[in-house]
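Only one structure is covered here, and it is reproduced in the block below.
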Amino acid sequence: MTTAVWLLVYGGALTWLAPPLLTRLTRSGVTPHMGIAAWLTAIAAALLAWVGAVALAAVAAVDGMRDSTAVTLCLKLFGLDERAPLPGLLGSVVLIVTAVAVSAVVVSRVGRSVAGLRARSHEHAREARMIGHPTDRPGVLVVEAHRPAAYCVSGKPNAIVVTTGALDALDRTQLSAVLAHENAHIAGHHHQLLMVLRGLATSLPRLPLFRIGAAAVADLLEMCADDAAARRFGTRPLLVGLLTLAGPQRLPADGLAAAGTAVLARALRLADPARPGMQWRQRIALSATMATTVTAPAVIDLLCH
Amino acid sequence: MQQRAFGDLEAVIMDRVWDRQEPVTVREVFDELAAERQIAYTTVLSTMDNLHRKKWLNRERSGKAYLYTASMSREERSARLMRDAFESGGDTDMVLAFFVEQMNAGESAQFKAALRRAGRQR
């Protein structure tokens with residue numbers, strides 16, 4: 001029955017130790033898809049470890065009560081003193097009820113957060129469709145604004161917003177590359193994934209795996225969309241598009257500049273793609289990480305018995 | 001620029017209202033739309049009523065009919081939409097996938113150097 005405790009320890013280790021490792025492995029964006037898979041594996045494994053631990057403890061408690069061996073159960077579970085049987089039983093019930101209550105609160109907070117993000121995104125897409133001018137490209141709307149910018153937002157239907165400033169600054173191929181990047185976000189359902197990750201990150205702000213994971217996956221999704229656009233329109237139009245839309249503006253600074261390092265990383269990997277050998281090394285390292293993440297609980301279970 | 005999709009009636013009506021400078025009645029909007037497409041007067045009426053309820057249109061009674069005007073110009077709406085977009089990104093806000101966020105001057109210089117390197121490799 002120590003499995004439940006070990007699962008908790010494992011989930012905790014993932015939550016605090018995985019972020020630095022995964023950040024180092026995935027930051028360069030050599031294989032962004034696999035990088036995302038590695039982050040999602042760690043996040044899913046941490047969540048499942050928690051659920052598994054609570055479920056195992058609850059089952060054990062029920063069994064224990066039925067067989068009147070609650071004392072031994074609690075001894076094993078929490079390492080309580082043999083001479084304190086009653087508080088042990090009470091304690092295990094209180095702990096399990098607390099754990100289930102905490103889980104329910106987290107689930108409802110994540111649900112509310114995702115629903116809020118979804119509603120505001122859909123509202124923004126709807127407003128953009130009413131305010132923007134439609135173009136001959138489906139789903140693309142032009143909004144009058146000096147600042148060159150392009151973004152997409154999920155809605156029913158989704159909207160890709162391009163400012164008149166961006167239209168003036170980009171030539172046709174560059175614009176196509178930028179729009180292909182945005183279409184890749186929509187086709188890959190990147191918004192939906194980001195909403196769930198952002199919901200987890202806001203609901204569990206003290207757990208680094210969720211906070212850092214949400215940001216890291218967002219950066220990697222940009223790289224995936226870059227790759228999709230570069231495959232269709234070439235690296236150079238995309239790079240020029242990046243530079244044109246990200247270049248320092250004569251407008252007042254507004255706090256977005258902090259994101260510039262992520263843009264630079266995107267540009268560097270497009271300008272100087274990793275060699276195949278490097279890609280394979282990265283794939284092997286990430287596969288090993290994912291395999292370890294998934295099999296660790298089974299190994300722990302074997303060692304326990 | 002392209003015609004709007006048929007289902008986007010609210011957007012079509014806002015286009016009409018914004019294009020005219022003076023107040024407009026449901027009948028006038030209906031006459032304009034009916035010249036181009038199959039549409040019922042009551043559809044236009046209820047859509048404009050919805051737009052008033054959502055505060056996109058203001059209205060004033062004039063005799064038996066209402067005179068509608070846009071509550072904000074298209075430029076004001078655009079500015080507000082862009083402000084919402086550029087200021088988004090907080091945890092409780094919406095999820096927008098910007099093509100790219102702004103860089104500072106130093107990052108921009110590094111970026112240009114990378115671009116030159118990429119140009120030479122070709």
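Identifiers in this document derive from the order of the structure tokens: chains are assigned A, B, ..., residues are numbered from 1 separately in each chain, and ligands are numbered from 1 in order of occurrence.
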
Run DSSP on the backbone and give me the residues of chain B it puts in strand (DSSP E), as a ChimeraX atom specification.
/B:57-62,65-70,96-98

Keeping N, CA, C and O atoms for every residue in the selection just given, could you write it to a file as a PDB file, in the first residue's frame?
```
ATOM      1  N   LEU B  57     -25.834  49.593 -31.505  1.00  0.00           N
ATOM      2  CA  LEU B  57     -26.646  50.653 -32.120  1.00  0.00           C
ATOM      3  C   LEU B  57     -27.379  51.435 -31.040  1.00  0.00           C
ATOM      4  O   LEU B  57     -27.849  50.856 -30.058  1.00  0.00           O
ATOM      5  N   ASN B  58     -27.451  52.743 -31.242  1.00  0.00           N
ATOM      6  CA  ASN B  58     -28.348  53.571 -30.428  1.00  0.00           C
ATOM      7  C   ASN B  58     -29.601  53.824 -31.249  1.00  0.00           C
ATOM      8  O   ASN B  58     -29.549  53.809 -32.487  1.00  0.00           O
ATOM      9  N   ARG B  59     -30.730  54.074 -30.567  1.00  0.00           N
ATOM     10  CA  ARG B  59     -31.912  54.410 -31.354  1.00  0.00           C
ATOM     11  C   ARG B  59     -32.716  55.489 -30.657  1.00  0.00           C
ATOM     12  O   ARG B  59     -32.645  55.671 -29.442  1.00  0.00           O
ATOM     13  N   GLU B  60     -33.465  56.182 -31.493  1.00  0.00           N
ATOM     14  CA  GLU B  60     -34.269  57.308 -31.018  1.00  0.00           C
ATOM     15  C   GLU B  60     -35.591  57.217 -31.750  1.00  0.00           C
ATOM     16  O   GLU B  60     -35.608  56.965 -32.960  1.00  0.00           O
ATOM     17  N   ARG B  61     -36.691  57.429 -31.029  1.00  0.00           N
ATOM     18  CA  ARG B  61     -37.981  57.337 -31.702  1.00  0.00           C
ATOM     19  C   ARG B  61     -38.210  58.593 -32.544  1.00  0.00           C
ATOM     20  O   ARG B  61     -37.926  59.706 -32.119  1.00  0.00           O
ATOM     21  N   SER B  62     -38.691  58.359 -33.752  1.00  0.00           N
ATOM     22  CA  SER B  62     -39.028  59.491 -34.623  1.00  0.00           C
ATOM     23  C   SER B  62     -40.344  59.139 -35.293  1.00  0.00           C
ATOM     24  O   SER B  62     -40.377  58.333 -36.214  1.00  0.00           O
ATOM     25  N   ALA B  65     -41.423  55.230 -36.282  1.00  0.00           N
ATOM     26  CA  ALA B  65     -40.262  54.354 -36.448  1.00  0.00           C
ATOM     27  C   ALA B  65     -39.113  54.782 -35.529  1.00  0.00           C
ATOM     28  O   ALA B  65     -39.141  55.855 -34.955  1.00  0.00           O
ATOM     29  N   TYR B  66     -38.124  53.887 -35.403  1.00  0.00           N
ATOM     30  CA  TYR B  66     -36.896  54.228 -34.678  1.00  0.00           C
ATOM     31  C   TYR B  66     -35.837  54.665 -35.677  1.00  0.00           C
ATOM     32  O   TYR B  66     -35.726  54.104 -36.768  1.00  0.00           O
ATOM     33  N   LEU B  67     -35.042  55.643 -35.268  1.00  0.00           N
ATOM     34  CA  LEU B  67     -33.878  56.030 -36.065  1.00  0.00           C
ATOM     35  C   LEU B  67     -32.641  55.452 -35.383  1.00  0.00           C
ATOM     36  O   LEU B  67     -32.406  55.692 -34.201  1.00  0.00           O
ATOM     37  N   TYR B  68     -31.871  54.657 -36.108  1.00  0.00           N
ATOM     38  CA  TYR B  68     -30.699  53.978 -35.532  1.00  0.00           C
ATOM     39  C   TYR B  68     -29.412  54.691 -35.926  1.00  0.00           C
ATOM     40  O   TYR B  68     -29.259  55.138 -37.065  1.00  0.00           O
ATOM     41  N   THR B  69     -28.488  54.784 -34.970  1.00  0.00           N
ATOM     42  CA  THR B  69     -27.132  55.249 -35.270  1.00  0.00           C
ATOM     43  C   THR B  69     -26.154  54.296 -34.581  1.00  0.00           C
ATOM     44  O   THR B  69     -26.503  53.651 -33.595  1.00  0.00           O
ATOM     45  N   ALA B  70     -24.915  54.246 -35.101  1.00  0.00           N
ATOM     46  CA  ALA B  70     -23.891  53.403 -34.468  1.00  0.00           C
ATOM     47  C   ALA B  70     -23.484  54.037 -33.142  1.00  0.00           C
ATOM     48  O   ALA B  70     -23.314  55.252 -33.056  1.00  0.00           O
ATOM     49  N   LEU B  96      -4.905  34.501 -27.539  1.00  0.00           N
ATOM     50  CA  LEU B  96      -4.676  34.942 -28.915  1.00  0.00           C
ATOM     51  C   LEU B  96      -3.329  34.403 -29.340  1.00  0.00           C
ATOM     52  O   LEU B  96      -2.391  34.412 -28.553  1.00  0.00           O
ATOM     53  N   ALA B  97      -3.240  33.946 -30.573  1.00  0.00           N
ATOM     54  CA  ALA B  97      -1.939  33.526 -31.068  1.00  0.00           C
ATOM     55  C   ALA B  97      -1.412  34.630 -31.969  1.00  0.00           C
ATOM     56  O   ALA B  97      -1.757  34.689 -33.140  1.00  0.00           O
ATOM     57  N   PHE B  98      -0.619  35.540 -31.399  1.00  0.00           N
ATOM     58  CA  PHE B  98      -0.007  36.591 -32.200  1.00  0.00           C
ATOM     59  C   PHE B  98       1.026  35.966 -33.097  1.00  0.00           C
ATOM     60  O   PHE B  98       1.723  35.028 -32.705  1.00  0.00           O
TER      61      PHE B  98
END
```

Would you mind listing what lies within 12 Å of Arg20 of chain B as a ChimeraX atom specification, with only C-alpha atoms counted and same-chain residues fewer than 3 positions away left out?
/B:13-17,23-25,28-29,32,68-70,73-74

When you draw a straight line from atom CA of Ala46 of chain A to atom CA of Leu25 of chain A, how long is it in Å?
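The value is 18.6 Å.
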
With only C-alpha atoms as the basis for distance, which of A:Leu200, A:Ala214, A:Leu209, A:Val153 is at the shortest distance from chain B?
A:Val153

Contact residues (chain A, partner chain B, 7 Å, only C-alpha atoms) as a PyMOL selection string:
chain A and resi 117-118+120-121+129-131+133-136+143-144+150-153+178+182+191+195+198+202+242+245-248+256-257+259-260+263-264+267-268+271-272

Same residues, N, CA, C and O atoms, saved as a short mmCIF file (atom, residue, chain, number, x, y, z; two decimals), in the first residue's frame:
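Writing the result to part-v9.cif gives the following:
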```
data_model
loop_
_atom_site.label_atom_id
_atom_site.label_comp_id
_atom_site.auth_asym_id
_atom_site.auth_seq_id
_atom_site.Cartn_x
_atom_site.Cartn_y
_atom_site.Cartn_z
N LEU A 117 -11.86 31.73 -20.66
CA LEU A 117 -10.95 32.01 -21.78
C LEU A 117 -11.67 31.80 -23.11
O LEU A 117 -11.55 32.60 -24.03
N ARG A 118 -12.44 30.71 -23.16
CA ARG A 118 -13.17 30.36 -24.37
C ARG A 118 -14.19 31.44 -24.71
O ARG A 118 -14.29 31.90 -25.84
N ARG A 120 -14.34 34.62 -23.74
CA ARG A 120 -13.76 35.91 -24.14
C ARG A 120 -13.13 35.83 -25.52
O ARG A 120 -13.21 36.78 -26.30
N SER A 121 -12.51 34.66 -25.85
CA SER A 121 -11.93 34.51 -27.18
C SER A 121 -13.02 34.53 -28.25
O SER A 121 -12.89 35.22 -29.26
N ARG A 129 -15.06 39.99 -36.47
CA ARG A 129 -15.80 39.77 -37.72
C ARG A 129 -16.70 40.93 -38.05
O ARG A 129 -16.93 41.25 -39.22
N MET A 130 -17.26 41.58 -37.02
CA MET A 130 -18.16 42.71 -37.28
C MET A 130 -17.40 43.97 -37.65
O MET A 130 -17.82 44.74 -38.48
N ILE A 131 -16.25 44.17 -37.00
CA ILE A 131 -15.51 45.42 -37.19
C ILE A 131 -14.60 45.33 -38.42
O ILE A 131 -14.47 46.28 -39.18
N HIS A 133 -12.82 44.19 -42.06
CA HIS A 133 -13.28 44.01 -43.44
C HIS A 133 -12.90 42.61 -43.89
O HIS A 133 -11.75 42.22 -43.78
N PRO A 134 -13.87 41.87 -44.45
CA PRO A 134 -13.52 40.54 -44.95
C PRO A 134 -12.60 40.63 -46.16
O PRO A 134 -12.59 41.65 -46.85
N THR A 135 -11.81 39.59 -46.39
CA THR A 135 -10.88 39.57 -47.52
C THR A 135 -11.21 38.37 -48.39
O THR A 135 -12.11 37.59 -48.06
N ASP A 136 -10.46 38.21 -49.49
CA ASP A 136 -10.72 37.04 -50.34
C ASP A 136 -10.13 35.78 -49.75
O ASP A 136 -10.28 34.70 -50.30
N VAL A 143 -8.35 44.82 -39.97
CA VAL A 143 -8.79 45.84 -39.03
C VAL A 143 -7.87 47.04 -39.17
O VAL A 143 -6.65 46.88 -39.29
N GLU A 144 -8.47 48.23 -39.16
CA GLU A 144 -7.65 49.43 -39.32
C GLU A 144 -6.86 49.72 -38.06
O GLU A 144 -7.43 49.93 -37.00
N ALA A 150 -0.53 40.65 -36.65
CA ALA A 150 -1.40 39.59 -37.15
C ALA A 150 -1.58 38.59 -36.03
O ALA A 150 -0.62 38.27 -35.34
N TYR A 151 -2.82 38.15 -35.83
CA TYR A 151 -3.04 37.13 -34.81
C TYR A 151 -4.30 36.35 -35.16
O TYR A 151 -5.10 36.76 -36.00
N CYS A 152 -4.45 35.20 -34.51
CA CYS A 152 -5.69 34.47 -34.70
C CYS A 152 -6.32 34.20 -33.35
O CYS A 152 -5.64 34.19 -32.31
N VAL A 153 -7.62 34.04 -33.37
CA VAL A 153 -8.37 33.83 -32.13
C VAL A 153 -9.45 32.81 -32.44
O VAL A 153 -10.04 32.81 -33.52
N VAL A 178 2.86 34.59 -43.26
CA VAL A 178 2.30 34.95 -41.95
C VAL A 178 0.94 34.28 -41.75
O VAL A 178 0.66 33.71 -40.68
N GLU A 182 -0.59 31.41 -39.05
CA GLU A 182 -1.82 31.50 -38.24
C GLU A 182 -2.77 30.34 -38.54
O GLU A 182 -3.42 29.81 -37.65
N HIS A 191 -5.14 26.66 -29.98
CA HIS A 191 -5.82 27.49 -28.98
C HIS A 191 -6.44 26.63 -27.88
O HIS A 191 -6.35 26.96 -26.70
N MET A 195 -5.57 26.80 -24.01
CA MET A 195 -6.58 27.18 -23.01
C MET A 195 -6.54 26.23 -21.82
O MET A 195 -6.59 26.66 -20.67
N ARG A 198 -3.31 26.84 -19.90
CA ARG A 198 -3.40 28.11 -19.16
C ARG A 198 -4.34 27.97 -17.97
O ARG A 198 -4.10 28.51 -16.89
N THR A 202 -3.19 28.69 -14.18
CA THR A 202 -3.78 29.70 -13.29
C THR A 202 -4.38 29.04 -12.06
O THR A 202 -4.41 29.65 -11.00
N LEU A 242 8.54 37.98 -39.83
CA LEU A 242 8.81 38.06 -38.39
C LEU A 242 9.46 39.39 -38.04
O LEU A 242 9.07 40.08 -37.12
N LEU A 245 7.06 42.47 -38.50
CA LEU A 245 6.01 42.63 -37.50
C LEU A 245 6.55 42.72 -36.09
O LEU A 245 5.87 43.18 -35.19
N ALA A 246 7.80 42.28 -35.88
CA ALA A 246 8.34 42.31 -34.52
C ALA A 246 9.31 43.45 -34.31
O ALA A 246 9.72 43.73 -33.20
N GLY A 247 9.72 44.11 -35.40
CA GLY A 247 10.72 45.17 -35.29
C GLY A 247 10.27 46.24 -34.33
O GLY A 247 9.08 46.42 -34.10
N PRO A 248 11.25 46.95 -33.72
CA PRO A 248 10.88 47.96 -32.74
C PRO A 248 9.99 49.02 -33.39
O PRO A 248 10.29 49.49 -34.47
N LEU A 256 5.21 44.35 -24.02
CA LEU A 256 5.25 43.14 -24.83
C LEU A 256 6.68 42.79 -25.22
O LEU A 256 6.96 41.69 -25.64
N ALA A 257 7.60 43.76 -25.07
CA ALA A 257 8.96 43.56 -25.55
C ALA A 257 9.63 42.38 -24.87
O ALA A 257 10.53 41.78 -25.42
N ALA A 259 8.70 39.54 -24.63
CA ALA A 259 8.51 38.32 -25.41
C ALA A 259 9.52 38.21 -26.55
O ALA A 259 9.57 37.23 -27.24
N GLY A 260 10.32 39.26 -26.72
CA GLY A 260 11.24 39.30 -27.86
C GLY A 260 12.23 38.16 -27.91
O GLY A 260 12.60 37.71 -28.99
N VAL A 263 10.94 35.36 -29.81
CA VAL A 263 10.95 35.64 -31.25
C VAL A 263 12.34 35.37 -31.81
O VAL A 263 12.50 34.78 -32.87
N LEU A 264 13.35 35.81 -31.06
CA LEU A 264 14.73 35.63 -31.50
C LEU A 264 15.05 34.14 -31.64
O LEU A 264 15.66 33.70 -32.61
N ALA A 267 13.59 32.92 -34.78
CA ALA A 267 14.33 33.37 -35.96
C ALA A 267 15.61 32.58 -36.13
O ALA A 267 15.95 32.16 -37.24
N LEU A 268 16.33 32.35 -35.02
CA LEU A 268 17.62 31.66 -35.12
C LEU A 268 17.45 30.24 -35.62
O LEU A 268 18.24 29.76 -36.43
N ALA A 271 16.69 30.46 -39.34
CA ALA A 271 17.83 30.91 -40.13
C ALA A 271 18.93 29.84 -40.18
O ALA A 271 19.65 29.72 -41.15
N ASP A 272 19.03 29.07 -39.12
CA ASP A 272 20.14 28.15 -38.98
C ASP A 272 19.60 26.80 -38.49
O ASP A 272 19.76 26.45 -37.33
#
```

Can you measure atom CA of Thr164 of chain A to atom CA of Val140 of chain A for me? One decimal in Å is fine.
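Interatomic distance, atom CA of Thr164 of chain A to atom CA of Val140 of chain A: 12.2 Å.
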